[in-house]
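Here is the file run-v3.txt (compact mmCIF, C-alpha atoms and all ligand atoms).
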# COMPACT_ATOMS: atom_id res chain seq x y z
CA MET A 1 80.22 110.44 100.36
CA ALA A 2 83.57 108.83 99.45
CA THR A 3 83.00 105.37 98.08
CA LEU A 4 84.62 101.97 98.38
CA SER A 5 83.64 100.63 94.93
CA ASN A 6 85.65 97.54 93.95
CA LYS A 7 87.34 97.42 97.37
CA ARG A 8 87.66 94.21 99.40
CA ILE A 9 87.72 94.65 103.14
CA LEU A 10 88.42 91.94 105.66
CA VAL A 11 86.81 92.95 108.95
CA GLY A 12 88.39 91.29 111.99
CA VAL A 13 86.27 91.23 115.13
CA THR A 14 87.85 90.56 118.53
CA GLY A 15 86.16 90.02 121.90
CA GLY A 16 84.74 93.05 123.70
CA ILE A 17 81.49 94.83 124.30
CA ALA A 18 82.01 96.97 121.15
CA ALA A 19 81.85 93.79 119.02
CA TYR A 20 78.12 94.41 118.53
CA LYS A 21 79.06 97.54 116.51
CA ALA A 22 80.80 95.35 113.92
CA ALA A 23 77.39 94.64 112.37
CA ASP A 24 76.79 98.33 111.74
CA LEU A 25 80.35 98.79 110.45
CA ILE A 26 79.95 95.98 107.91
CA ARG A 27 76.62 97.42 106.74
CA ARG A 28 78.20 100.86 106.24
CA LEU A 29 81.21 99.47 104.35
CA ARG A 30 78.89 97.56 102.03
CA GLU A 31 76.69 100.63 101.52
CA ARG A 32 79.78 102.38 100.15
CA GLY A 33 80.34 99.57 97.65
CA ALA A 34 82.92 97.38 99.44
CA GLU A 35 82.86 93.60 99.43
CA VAL A 36 83.28 92.48 103.05
CA ARG A 37 84.43 89.20 104.60
CA VAL A 38 84.54 88.66 108.33
CA VAL A 39 86.99 86.86 110.61
CA MET A 40 86.09 86.60 114.31
CA THR A 41 88.14 85.49 117.28
CA GLN A 42 86.53 82.90 119.55
CA ALA A 43 85.99 85.55 122.24
CA ALA A 44 84.18 87.80 119.73
CA SER A 45 81.56 85.13 119.06
CA ARG A 46 80.48 85.39 122.73
CA PHE A 47 79.50 89.02 122.11
CA ILE A 48 77.89 88.73 118.66
CA THR A 49 76.96 85.61 116.71
CA PRO A 50 78.74 84.59 113.49
CA LEU A 51 75.27 84.09 112.00
CA THR A 52 74.47 87.81 112.40
CA LEU A 53 77.71 88.85 110.71
CA GLN A 54 77.25 86.24 108.00
CA ALA A 55 73.80 87.64 107.21
CA ILE A 56 75.08 91.22 107.11
CA SER A 57 78.26 90.54 105.14
CA GLY A 58 76.60 88.04 102.78
CA HIS A 59 79.47 85.54 103.23
CA PRO A 60 80.36 82.74 105.67
CA VAL A 61 82.25 84.01 108.71
CA HIS A 62 85.71 82.58 109.38
CA SER A 63 87.07 81.92 112.85
CA GLU A 64 89.21 78.79 112.94
CA PHE A 65 92.07 77.67 110.66
CA LEU A 66 90.19 74.58 109.66
CA ASP A 67 86.59 75.77 109.55
CA THR A 68 84.73 73.24 107.49
CA GLY A 69 82.89 75.16 104.82
CA ALA A 70 84.26 78.67 105.31
CA GLU A 71 87.93 77.59 105.40
CA THR A 72 87.61 75.19 102.49
CA ALA A 73 85.85 77.88 100.45
CA MET A 74 88.77 80.29 100.99
CA GLY A 75 91.99 79.34 102.77
CA HIS A 76 93.64 81.75 105.17
CA ILE A 77 96.49 82.74 102.86
CA GLU A 78 94.01 83.28 100.07
CA LEU A 79 91.94 85.50 102.38
CA ALA A 80 95.04 87.51 103.28
CA ARG A 81 95.76 88.00 99.57
CA TRP A 82 92.12 88.77 98.78
CA ALA A 83 91.87 91.77 101.11
CA ASP A 84 92.68 95.33 100.00
CA LEU A 85 92.43 96.32 103.67
CA VAL A 86 92.32 94.38 106.94
CA LEU A 87 90.31 96.37 109.48
CA VAL A 88 90.20 94.97 113.02
CA ALA A 89 87.26 96.52 114.86
CA PRO A 90 87.05 96.31 117.77
CA ALA A 91 90.69 95.53 118.55
CA GLY A 92 91.06 94.66 122.25
CA ALA A 93 94.23 95.02 124.36
CA ASP A 94 95.03 91.32 124.12
CA PHE A 95 94.78 91.37 120.32
CA LEU A 96 97.06 94.43 120.05
CA ALA A 97 99.60 92.65 122.28
CA ARG A 98 99.49 89.52 120.12
CA LEU A 99 99.79 91.61 116.95
CA ALA A 100 102.78 93.49 118.40
CA GLN A 101 104.46 90.17 119.19
CA GLY A 102 103.86 88.92 115.65
CA ARG A 103 102.00 85.87 116.91
CA ALA A 104 100.10 83.53 114.59
CA ASP A 105 98.08 81.74 117.25
CA ASP A 106 94.66 82.28 115.68
CA LEU A 107 93.25 82.92 112.24
CA LEU A 108 92.91 86.71 112.58
CA ALA A 109 96.46 87.26 113.91
CA THR A 110 97.82 85.00 111.15
CA LEU A 111 95.97 86.96 108.47
CA CYS A 112 97.42 90.22 109.78
CA LEU A 113 100.90 88.70 109.41
CA ALA A 114 100.22 87.18 106.00
CA THR A 115 98.65 90.16 104.25
CA LYS A 116 100.56 92.65 102.10
CA SER A 117 97.65 95.09 102.31
CA PRO A 118 97.24 97.84 104.91
CA VAL A 119 96.17 96.74 108.39
CA ALA A 120 94.06 99.22 110.40
CA VAL A 121 92.87 98.71 113.96
CA ALA A 122 90.09 100.40 115.91
CA PRO A 123 91.06 99.93 119.56
CA ALA A 124 88.33 99.42 122.15
CA MET A 125 89.09 98.78 125.81
CA ASN A 126 88.84 100.14 129.32
CA GLN A 127 90.53 103.54 129.61
CA GLN A 128 93.04 102.27 132.20
CA MET A 129 94.02 99.34 129.96
CA TRP A 130 94.52 101.78 127.08
CA ALA A 131 96.70 104.06 129.22
CA ASN A 132 98.78 101.15 130.52
CA ALA A 133 102.45 101.32 129.49
CA SER A 134 102.29 97.85 127.90
CA THR A 135 99.45 98.87 125.60
CA GLN A 136 101.15 102.16 124.77
CA ASN A 137 104.40 100.32 123.94
CA ASN A 138 102.47 97.98 121.69
CA LEU A 139 100.87 100.99 120.02
CA ILE A 140 104.30 102.56 119.31
CA SER A 141 105.76 99.36 117.98
CA LEU A 142 102.73 98.61 115.75
CA LYS A 143 102.69 102.15 114.36
CA LYS A 144 106.40 101.80 113.52
CA ARG A 145 105.52 98.69 111.53
CA GLY A 146 102.88 100.55 109.51
CA VAL A 147 99.72 99.50 111.35
CA THR A 148 97.18 102.33 111.22
CA PHE A 149 95.23 103.27 114.35
CA TRP A 150 91.75 104.73 113.96
CA GLY A 151 90.76 105.94 117.41
CA PRO A 152 90.13 105.27 120.17
CA ASP A 153 87.56 107.87 121.05
CA SER A 154 87.16 109.32 124.51
CA GLY A 155 83.94 109.27 126.54
CA SER A 156 81.83 107.21 128.88
CA GLN A 157 82.55 103.50 128.74
CA ALA A 158 80.46 100.35 129.23
CA CYS A 159 82.35 99.67 132.48
CA GLY A 160 81.11 102.99 133.91
CA GLU A 161 84.45 104.81 133.64
CA THR A 162 85.20 107.80 131.41
CA GLY A 163 88.27 108.33 129.25
CA PRO A 164 89.98 107.22 126.02
CA GLY A 165 89.25 103.66 124.91
CA ARG A 166 85.89 103.78 123.12
CA MET A 167 85.82 102.34 119.62
CA LEU A 168 85.22 104.98 116.93
CA GLU A 169 81.66 104.95 115.61
CA PRO A 170 81.13 102.66 112.57
CA ALA A 171 80.32 105.69 110.34
CA GLU A 172 83.68 107.28 111.17
CA LEU A 173 85.54 104.01 110.55
CA ALA A 174 83.84 103.62 107.16
CA GLU A 175 84.86 107.21 106.34
CA HIS A 176 88.51 106.46 107.28
CA ALA A 177 88.46 103.31 105.12
CA ALA A 178 87.12 105.27 102.14
CA ALA A 179 89.69 108.05 102.64
CA LEU A 180 92.48 105.45 102.60
CA PHE A 181 91.65 104.57 99.00
CA GLN A 182 90.96 108.05 97.65
CA THR A 183 92.99 108.56 94.47
CA GLY A 184 91.07 111.08 92.38
CA SER A 185 87.76 109.52 91.82
CA LEU A 186 86.80 107.60 88.70
CA ASP A 187 83.84 106.18 90.55
CA GLY A 188 81.03 105.08 88.25
CA LEU A 189 83.07 105.68 85.08
CA GLN A 190 83.83 103.11 82.40
CA ILE A 191 87.40 102.97 81.18
CA MET A 192 89.08 101.05 78.40
CA VAL A 193 92.83 100.48 78.35
CA THR A 194 94.86 98.80 75.60
CA ALA A 195 98.11 97.12 76.58
CA GLY A 196 100.97 94.97 75.35
CA PRO A 197 102.27 94.44 71.83
CA THR A 198 100.42 93.18 68.78
CA TRP A 199 101.50 90.17 66.76
CA GLU A 200 101.34 90.38 62.98
CA PRO A 201 101.78 86.89 61.53
CA ILE A 202 104.09 86.27 58.58
CA ASP A 203 103.38 82.54 58.55
CA PRO A 204 102.03 80.11 61.21
CA VAL A 205 105.23 80.33 63.30
CA ARG A 206 106.72 83.77 62.57
CA GLY A 207 105.47 87.27 63.04
CA LEU A 208 106.22 90.96 63.58
CA SER A 209 105.96 92.28 67.11
CA ASN A 210 107.82 94.48 69.62
CA ARG A 211 109.23 94.35 73.15
CA SER A 212 106.15 95.61 75.02
CA SER A 213 105.58 93.43 78.10
CA GLY A 214 102.16 94.88 78.95
CA LYS A 215 103.38 95.96 82.43
CA MET A 216 102.58 99.65 81.91
CA GLY A 217 99.12 99.06 80.44
CA TYR A 218 98.16 96.51 83.11
CA ALA A 219 99.31 98.92 85.83
CA VAL A 220 97.15 101.68 84.32
CA ALA A 221 94.14 99.34 84.19
CA GLN A 222 94.75 98.33 87.83
CA ALA A 223 95.06 101.95 88.99
CA ALA A 224 91.83 102.89 87.18
CA MET A 225 90.03 99.98 88.83
CA GLU A 226 91.38 101.01 92.24
CA ALA A 227 90.08 104.53 91.60
CA GLY A 228 86.58 103.07 91.28
CA ALA A 229 86.16 102.63 87.50
CA GLN A 230 84.74 99.62 85.66
CA VAL A 231 87.67 98.67 83.45
CA ILE A 232 87.98 96.79 80.17
CA LEU A 233 91.55 95.82 79.31
CA VAL A 234 92.19 94.93 75.66
CA SER A 235 95.49 93.13 75.73
CA GLY A 236 97.86 91.96 73.05
CA PRO A 237 99.92 88.80 73.73
CA THR A 238 101.65 89.06 77.14
CA THR A 239 102.78 86.62 79.80
CA LEU A 240 100.94 88.57 82.51
CA VAL A 241 97.92 87.03 84.22
CA ASP A 242 94.48 88.58 83.71
CA PRO A 243 94.11 91.12 86.51
CA ASP A 244 91.45 90.57 89.11
CA ARG A 245 88.21 92.59 88.84
CA ILE A 246 89.06 93.79 85.33
CA GLN A 247 87.40 92.47 82.18
CA THR A 248 90.36 91.35 80.07
CA LEU A 249 89.91 90.71 76.35
CA ARG A 250 92.84 88.99 74.65
CA VAL A 251 93.74 89.73 71.03
CA ALA A 252 96.75 89.13 68.81
CA THR A 253 96.79 91.43 65.77
CA ALA A 254 96.27 95.20 65.47
CA GLN A 255 93.15 94.57 63.39
CA GLN A 256 91.72 92.33 66.15
CA MET A 257 92.60 94.97 68.75
CA HIS A 258 90.88 97.62 66.61
CA ASP A 259 87.73 95.51 66.18
CA THR A 260 87.54 94.51 69.87
CA VAL A 261 87.97 98.13 70.97
CA HIS A 262 85.17 99.29 68.67
CA THR A 263 82.82 96.47 69.72
CA HIS A 264 83.04 97.63 73.36
CA ILE A 265 83.65 101.38 72.99
CA HIS A 266 80.10 102.48 73.95
CA PRO A 267 79.62 103.66 76.68
CA ILE A 268 83.32 104.14 77.54
CA ASP A 269 84.06 107.48 79.26
CA ILE A 270 87.86 107.38 79.06
CA PHE A 271 90.03 105.52 76.55
CA ILE A 272 93.75 105.04 77.27
CA GLY A 273 95.93 103.58 74.51
CA VAL A 274 99.03 102.10 76.13
CA ALA A 275 99.47 99.25 73.64
CA ALA A 276 102.45 99.27 71.34
CA VAL A 277 100.45 98.60 68.20
CA ALA A 278 102.36 97.48 65.11
CA ASP A 279 102.05 100.22 62.52
CA TYR A 280 102.37 97.70 59.65
CA ARG A 281 101.47 94.10 58.93
CA PRO A 282 102.54 91.74 56.14
CA ILE A 283 100.22 92.12 53.16
CA GLN A 284 99.80 88.35 53.17
CA THR A 285 100.15 85.63 55.78
CA ALA A 286 101.53 82.40 54.38
CA ALA A 287 99.31 79.43 55.20
CA ARG A 288 102.36 77.20 55.69
CA LYS A 289 105.78 77.77 57.22
CA ILE A 290 107.97 79.61 54.71
CA LYS A 291 110.88 77.38 53.74
CA LYS A 292 114.43 78.59 54.02
CA SER A 293 116.32 79.13 50.76
CA ASP A 294 119.47 80.97 49.63
CA ALA A 295 117.44 83.62 47.80
CA SER A 296 116.71 86.91 49.51
CA LEU A 297 113.17 87.44 50.69
CA SER A 298 111.12 90.66 50.64
CA LEU A 299 108.20 91.26 52.89
CA GLU A 300 105.57 93.73 51.68
CA LEU A 301 103.88 95.57 54.55
CA VAL A 302 100.63 97.51 54.62
CA PRO A 303 99.59 100.01 57.32
CA ASN A 304 97.42 98.87 60.21
CA PRO A 305 94.42 100.94 61.32
CA ASP A 306 95.32 103.59 63.90
CA ILE A 307 93.18 102.49 66.84
CA LEU A 308 93.75 105.58 68.96
CA ALA A 309 92.96 108.03 66.15
CA SER A 310 89.84 106.05 65.23
CA VAL A 311 88.54 106.30 68.83
CA ALA A 312 89.31 110.03 69.06
CA ALA A 313 87.43 110.55 65.76
CA LEU A 314 84.19 109.06 67.12
CA ASP A 315 81.29 111.43 67.59
CA PRO A 316 80.82 111.62 70.51
CA ALA A 317 84.30 110.47 71.53
CA PRO A 318 85.43 109.37 74.99
CA TYR A 319 88.14 111.39 76.75
CA THR A 320 91.07 109.99 74.76
CA VAL A 321 94.58 109.51 76.10
CA GLY A 322 97.48 108.27 74.00
CA PHE A 323 101.01 107.16 74.86
CA ALA A 324 104.04 108.17 72.82
CA ALA A 325 107.16 106.01 72.85
CA GLU A 326 110.04 108.21 71.67
CA THR A 327 113.78 107.68 71.36
CA ASN A 328 114.49 111.41 70.66
CA ASP A 329 112.81 114.84 70.65
CA LEU A 330 110.23 113.46 73.06
CA GLU A 331 108.13 116.58 73.53
CA ALA A 332 108.03 117.68 69.87
CA HIS A 333 107.11 114.20 68.59
CA ALA A 334 104.52 113.66 71.31
CA ARG A 335 102.92 117.04 70.62
CA LYS A 336 102.63 116.16 66.91
CA LYS A 337 100.84 112.91 67.84
CA LEU A 338 98.53 114.79 70.23
CA GLU A 339 97.47 117.08 67.38
CA ALA A 340 97.48 114.62 64.47
CA LYS A 341 95.37 112.08 66.40
CA LYS A 342 93.17 114.80 68.03
CA LEU A 343 93.77 113.51 71.57
CA ASP A 344 92.82 115.09 74.88
CA LEU A 345 96.13 114.10 76.46
CA ILE A 346 99.33 112.28 75.56
CA ALA A 347 101.75 110.55 77.94
CA ALA A 348 105.22 110.52 76.42
CA ASN A 349 107.91 108.13 77.61
CA PRO A 350 111.52 107.90 76.54
CA VAL A 351 112.32 104.43 75.17
CA GLY A 352 115.53 102.91 73.95
CA ASP A 353 117.39 102.41 77.22
CA ARG A 354 116.67 99.53 79.57
CA HIS A 355 115.95 101.66 82.66
CA SER A 356 112.46 102.74 81.60
CA GLY A 357 109.84 102.19 78.89
CA PHE A 358 109.63 98.75 77.28
CA GLU A 359 109.92 95.70 79.60
CA SER A 360 111.35 97.58 82.59
CA ASP A 361 109.52 97.71 85.96
CA LEU A 362 110.21 101.46 86.00
CA ASN A 363 109.01 104.26 83.79
CA GLN A 364 108.68 108.05 83.58
CA LEU A 365 106.16 110.14 81.69
CA THR A 366 105.67 113.66 80.41
CA LEU A 367 101.97 114.49 80.18
CA ILE A 368 101.13 116.96 77.43
CA ASP A 369 97.78 118.53 76.59
CA GLN A 370 96.74 121.78 74.86
CA HIS A 371 97.44 123.85 77.98
CA SER A 372 100.06 122.13 80.09
CA LEU A 373 103.13 119.97 80.39
CA THR A 374 103.43 117.78 83.51
CA PRO A 375 106.49 115.59 84.18
CA LEU A 376 105.93 112.45 86.27
CA PRO A 377 109.36 111.25 87.49
CA LEU A 378 110.97 107.80 87.18
CA GLN A 379 109.30 105.30 89.53
CA THR A 380 107.66 101.87 89.48
CA LYS A 381 105.02 101.43 86.82
CA SER A 382 102.31 100.83 89.48
CA ARG A 383 103.05 104.10 91.26
CA LEU A 384 103.37 105.98 88.02
CA ALA A 385 100.04 104.56 86.84
CA ARG A 386 98.33 105.82 90.01
CA GLU A 387 99.72 109.32 89.42
CA LEU A 388 98.68 109.18 85.79
CA ILE A 389 95.14 108.08 86.68
CA SER A 390 94.84 110.89 89.19
CA GLU A 391 95.95 113.43 86.53
CA ILE A 392 93.52 111.98 84.00
CA ALA A 393 90.63 112.00 86.50
CA GLN A 394 91.27 115.66 87.30
CA ARG A 395 91.37 116.68 83.61
CA TYR A 396 88.35 114.53 82.73
CA HIS A 397 86.23 116.14 85.48
CA GLU A 398 87.46 119.65 84.57
CA LYS A 399 86.51 119.09 80.93
CA ASN A 400 83.04 117.87 81.85
CA THR A 401 82.51 120.70 84.34
CA THR A 402 83.54 123.26 81.71
CA GLN A 403 81.13 121.74 79.24
CA ASN A 404 78.66 121.65 82.13
CA THR A 405 77.09 118.42 80.89
CA ARG A 406 77.46 114.72 81.27
CA PRO A 407 79.62 113.41 78.45
CA ALA A 408 77.42 113.42 75.35
CA HIS A 409 77.70 109.68 74.83
CA ARG A 410 76.36 109.03 78.37
CA GLN A 411 73.23 111.17 77.99
O1 LIG B 1 104.43 97.23 77.88
P1 LIG B 1 105.65 97.72 78.62
O2 LIG B 1 106.84 96.79 78.47
O3 LIG B 1 105.35 98.05 80.05
O4 LIG B 1 106.13 99.08 77.91
C1 LIG B 1 105.31 100.21 78.00
C2 LIG B 1 105.33 101.02 76.69
C3 LIG B 1 106.70 101.59 76.45
C4 LIG B 1 104.93 100.12 75.49
C5 LIG B 1 104.24 102.14 76.86
O5 LIG B 1 104.60 102.96 77.93
C6 LIG B 1 104.09 102.98 75.59
O6 LIG B 1 104.83 103.89 75.31
N1 LIG B 1 103.05 102.64 74.76
C7 LIG B 1 102.84 103.23 73.45
C8 LIG B 1 103.79 102.62 72.47
C9 LIG B 1 103.55 103.11 71.07
O7 LIG B 1 103.13 102.35 70.23
O8 LIG B 1 103.79 104.39 70.88
P2 LIG B 1 103.59 105.13 69.44
O9 LIG B 1 104.24 106.42 69.67
O10 LIG B 1 104.07 104.26 68.34
O11 LIG B 1 102.01 105.27 69.31
C10 LIG B 1 101.31 106.41 69.77
C11 LIG B 1 99.94 106.02 70.27
O12 LIG B 1 99.13 105.54 69.19
C12 LIG B 1 99.94 104.93 71.33
O13 LIG B 1 98.95 105.28 72.29
C13 LIG B 1 99.50 103.67 70.56
O14 LIG B 1 98.75 102.79 71.42
C14 LIG B 1 98.60 104.27 69.48
N2 LIG B 1 98.57 103.51 68.22
C15 LIG B 1 99.69 103.41 67.45
C16 LIG B 1 99.61 102.76 66.24
C17 LIG B 1 98.37 102.19 65.84
N3 LIG B 1 98.27 101.54 64.68
N4 LIG B 1 97.29 102.29 66.62
C18 LIG B 1 97.37 102.94 67.79
O15 LIG B 1 96.38 103.03 68.52
If you convert what's in this file into structure tokens, what do you get?
Ligand code: PMT
Amino acid sequence: MATLSNKRILVGVTGGIAAYKAADLIRRLRERGAEVRVVMTQAASRFITPLTLQAISGHPVHSEFLDTGAETAMGHIELARWADLVLVAPAGADFLARLAQGRADDLLATLCLATKSPVAVAPAMNQQMWANASTQNNLISLKKRGVTFWGPDSGSQACGETGPGRMLEPAELAEHAAALFQTGSLDGLQIMVTAGPTWEPIDPVRGLSNRSSGKMGYAVAQAAMEAGAQVILVSGPTTLVDPDRIQTLRVATAQQMHDTVHTHIHPIDIFIGVAAVADYRPIQTAARKIKKSDASLSLELVPNPDILASVAALDPAPYTVGFAAETNDLEAHARKKLEAKKLDLIAANPVGDRHSGFESDLNQLTLIDQHSLTPLPLQTKSRLARELISEIAQRYHEKNTTQNTRPAHRQ
């Protein structure tokens, strides 16, 4: 059964006889691991009580803009941002018409306008209303705007007629919702990602670092979480906010990153080193700001621990993925790192121009392992991260199937 681990689904319930099925739908979404919040129209509450849906979803039910309690706990814009999917089930003819017109005359319609996440509707109405040209025009215009239609089904209706207009069964809707998020499952796995630069202090105000923004590593952590994994992100200093639903551990130096990684490495299944770790640090950090003088100044550097190699050398080791930032001879240098650090996979990216790699919103990767070379073309870091995670998931599962065991460290 495809799961909905870590997914947040806002179920919208509109008025109609099928509203009673919303209770079963919410139960099935939660069984698959989703967190569910409910918004009802006023008409819906004549068919099923908010109290029932509150008990089944485990959260207060929202219906008005200014609900005392529910609305103060989470405002409507916040709810729209919170949802990974807005699923309106049942969606009556009147609601589809209001949605097609882009109206914001109640909480549910407003949320559908305000969300950036996918909106799916499960129509439910009399078969003649469904067939009516107005409804069909609304359907065409909503589909053009990216609204997904699940159903309706055809069959006997509460009004005694037969034809298309029945809401899909809750089990089918839950299956559609799960399929929407399928990315190559990392469900139930624990993943650690390092991201950002490290900061190696020279004195209290100066240090050695690099141009890593953390964008690539954070996108990889986000994609792993969306694929169902429990994710720990070990981040060097960045200006990015801690991502939602990911345990973020902040560090500064390479040594701190090394120690934090090793404190949390068991029972990690997959380790992905995206951080641009400083290879060297000053042998000493001055306790006070170094004063300027006319004399030249030498800085003695000592090597930092190699975090990635130290993880790959563990026995048992997680599936270990490294990144390689290369200005030239990308494949040859990346292959050397794959072998020297004994990695399962390396993701090589060209760096040195501003269109990809460090700081940019775009990147491209060449994935190299013992048996294959897979280019992932230039695209946004979030999209690229999703492709990367899907490639990693596939290889991880293949490796564990070949070995025909659970990973040794999880036994
Ligand atoms: O953060 P962004 O601005 O989005 O930029 C993304 C990125 C360019 C930093 C990222 O895509 C990337 O390439 N990360 C790896 C950068 C790097 O340090 O590459 P490297 O070739 O020097 O290191 C190889 C691997 O060893 C990396 O996985 C690195 O995390 C790891 N390493 C390196 C040195 C060290 N002491 N410990 C390590 O674990």
Report task. May I ask which of the residues A:Ala393, A:Ile307, A:Ala340, A:Ala100 is the closest one to ligand LIG 1 (chain B), counting all atoms listed in the file? Result ->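 The closest residue to ligand LIG 1 (chain B) is A:Ile307.
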Requested in this report: Check which residues fall inside 6 Å of ligand LIG 1 (chain B) when counting all atoms listed in the file, and print them as a ChimeraX atom specification.
Outcome: /A:196,212-216,273-279,304-308,322-325,349,357-359
Report task. Can you work out the spacing between atom CA of Ala177 of chain A and atom CA of Phe65 of chain A in Å, to one decimal? Result -> 26.5 Å
Query - Among the residues A:Leu373, A:Ala158, A:Val231, A:Ile283, the one that comes closest to Ala347 of chain A [using only C-alpha atoms] - result: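 So, comparing all the options, the nearest one is A:Leu373.
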Query raised in the report: If you count all atoms listed in the file, which residues fall within 12 Å of Ile290 of chain A, apart from same-chain ones fewer than 5 positions away, as a PyMOL selection string?
Result: chain A and resi 201-207+285+297+299
Can you sort out the box for segment 210-219 of chain A, edges along x, y and z, all listed atoms in, 4 Å on every side, with centre and edge lengths in Å to one decimal, as JSON?
{"center_x": 103.7, "center_y": 96.5, "center_z": 77.7, "size_x": 19.1, "size_y": 14.2, "size_z": 24.2}
Requested in this report: Quick one: everything within 10 Å of Gly58 of chain A, counting all atoms listed in the file, minus sequence neighbours fewer than 2 positions away in the same chain. Send it as a PyMOL selection string.
Outcome: chain A and resi 30+35-38+52-56+60-61
Query - Protein and nucleic acid residues near (100.7, 96.4, 123.8) (cut-off 9 Å, only C-alpha atoms) as a PyMOL selection string - result: chain A and resi 93-101+130+132-142
Report task. Return the single residue from A:Leu208, A:Leu111, A:Leu4, A:Ala195 that is closest to Leu240 of chain A, with distances computed using all atoms listed in the file. Result -> A:Ala195
Query - Distance in Å - atom CA of Asp187 of chain A versus atom CA of Ala312 of chain A - result: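 These atoms are spaced 22.5 Å apart.
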Query raised in the report: How far is it from atom CA of Gly217 of chain A to atom CA of Pro197 of chain A, in Å with one decimal?
Result: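 For atom CA of Gly217 of chain A relative to atom CA of Pro197 of chain A, the distance reads 10.3 Å.
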Query raised in the report: Can you list, as a PyMOL selection string, every protein, DNA or RNA residue that comes within 7 Å of Val88 of chain A when you count all atoms listed in the file, leaving out same-chain residues fewer than 5 positions away?
Result: chain A and resi 11-13+120-122
Requested in this report: Considering only C-alpha atoms, return as a count of residues only whatever protein or nucleic-acid residues lie within 12 Å of Ser356 of chain A, sequence-local ones (same chain, fewer than 6 positions apart) excluded.
Outcome: 19
Report task. Considering only C-alpha atoms, state which residue in the set A:Gly228, A:Gly236, A:Pro303, A:Pro318 is at the smallest distance from His262 of chain A. Result ->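 With only C-alpha atoms as the atom set, the closest residue is A:Pro318.
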Any idea what's packed within 10 Å of Ile270 of chain A, counting all atoms listed in the file, ignoring anything in its chain fewer than 4 positions away? Could you give it as a PDB file with C-alpha atoms, in the coordinates of the input?
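See around_32.pdb below for the written result:
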ATOM      1  CA  LEU A 186      86.800 107.600  88.700  1.00  0.00           C
ATOM      2  CA  LEU A 189      83.070 105.680  85.080  1.00  0.00           C
ATOM      3  CA  GLN A 190      83.830 103.110  82.400  1.00  0.00           C
ATOM      4  CA  ILE A 191      87.400 102.970  81.180  1.00  0.00           C
ATOM      5  CA  MET A 192      89.080 101.050  78.400  1.00  0.00           C
ATOM      6  CA  VAL A 193      92.830 100.480  78.350  1.00  0.00           C
ATOM      7  CA  ALA A 229      86.160 102.630  87.500  1.00  0.00           C
ATOM      8  CA  VAL A 231      87.670  98.670  83.450  1.00  0.00           C
ATOM      9  CA  ILE A 265      83.650 101.380  72.990  1.00  0.00           C
ATOM     10  CA  ALA A 317      84.300 110.470  71.530  1.00  0.00           C
ATOM     11  CA  PRO A 318      85.430 109.370  74.990  1.00  0.00           C
ATOM     12  CA  TYR A 319      88.140 111.390  76.750  1.00  0.00           C
ATOM     13  CA  THR A 320      91.070 109.990  74.760  1.00  0.00           C
ATOM     14  CA  VAL A 321      94.580 109.510  76.100  1.00  0.00           C
ATOM     15  CA  ILE A 392      93.520 111.980  84.000  1.00  0.00           C
ATOM     16  CA  ALA A 393      90.630 112.000  86.500  1.00  0.00           C
ATOM     17  CA  TYR A 396      88.350 114.530  82.730  1.00  0.00           C
TER      18      TYR A 396
END
**Report entry** Nearest-residue call for Ile368 of chain A, choices A:His397, A:Lys7, A:Lys337, A:Arg166, using all atoms listed in the file
**Finding:** A:Lys337
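Distances from A:Cys112, A:Ile268, A:Ala23, A:Cys159 to Met129 of chain A were compared using all atoms listed in the file, and the smallest one belongs to A:Cys159.
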Kindly reconstruct segment 176-181 of chain A with N, CA, C and O atoms and present the result as a CSV table (one decimal), in the coordinates of the input.
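Listing of out.csv after writing:
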chain,number,residue,atom,x,y,z
A,176,HIS,N,87.0,106.6,107.3
A,176,HIS,CA,88.5,106.5,107.3
A,176,HIS,C,88.9,105.5,106.2
A,176,HIS,O,89.9,105.7,105.5
A,177,ALA,N,88.1,104.3,106.1
A,177,ALA,CA,88.5,103.3,105.1
A,177,ALA,C,88.4,103.9,103.7
A,177,ALA,O,89.2,103.7,102.9
A,178,ALA,N,87.3,104.7,103.5
A,178,ALA,CA,87.1,105.3,102.1
A,178,ALA,C,88.2,106.2,101.8
A,178,ALA,O,88.8,106.3,100.7
A,179,ALA,N,88.6,107.0,102.8
A,179,ALA,CA,89.7,108.0,102.6
A,179,ALA,C,91.0,107.4,102.3
A,179,ALA,O,91.8,107.9,101.5
A,180,LEU,N,91.2,106.2,102.8
A,180,LEU,CA,92.5,105.4,102.6
A,180,LEU,C,92.7,105.1,101.1
A,180,LEU,O,93.8,105.1,100.6
A,181,PHE,N,91.5,105.0,100.4
A,181,PHE,CA,91.6,104.6,99.0
A,181,PHE,C,91.4,105.7,98.0
A,181,PHE,O,91.4,105.5,96.8
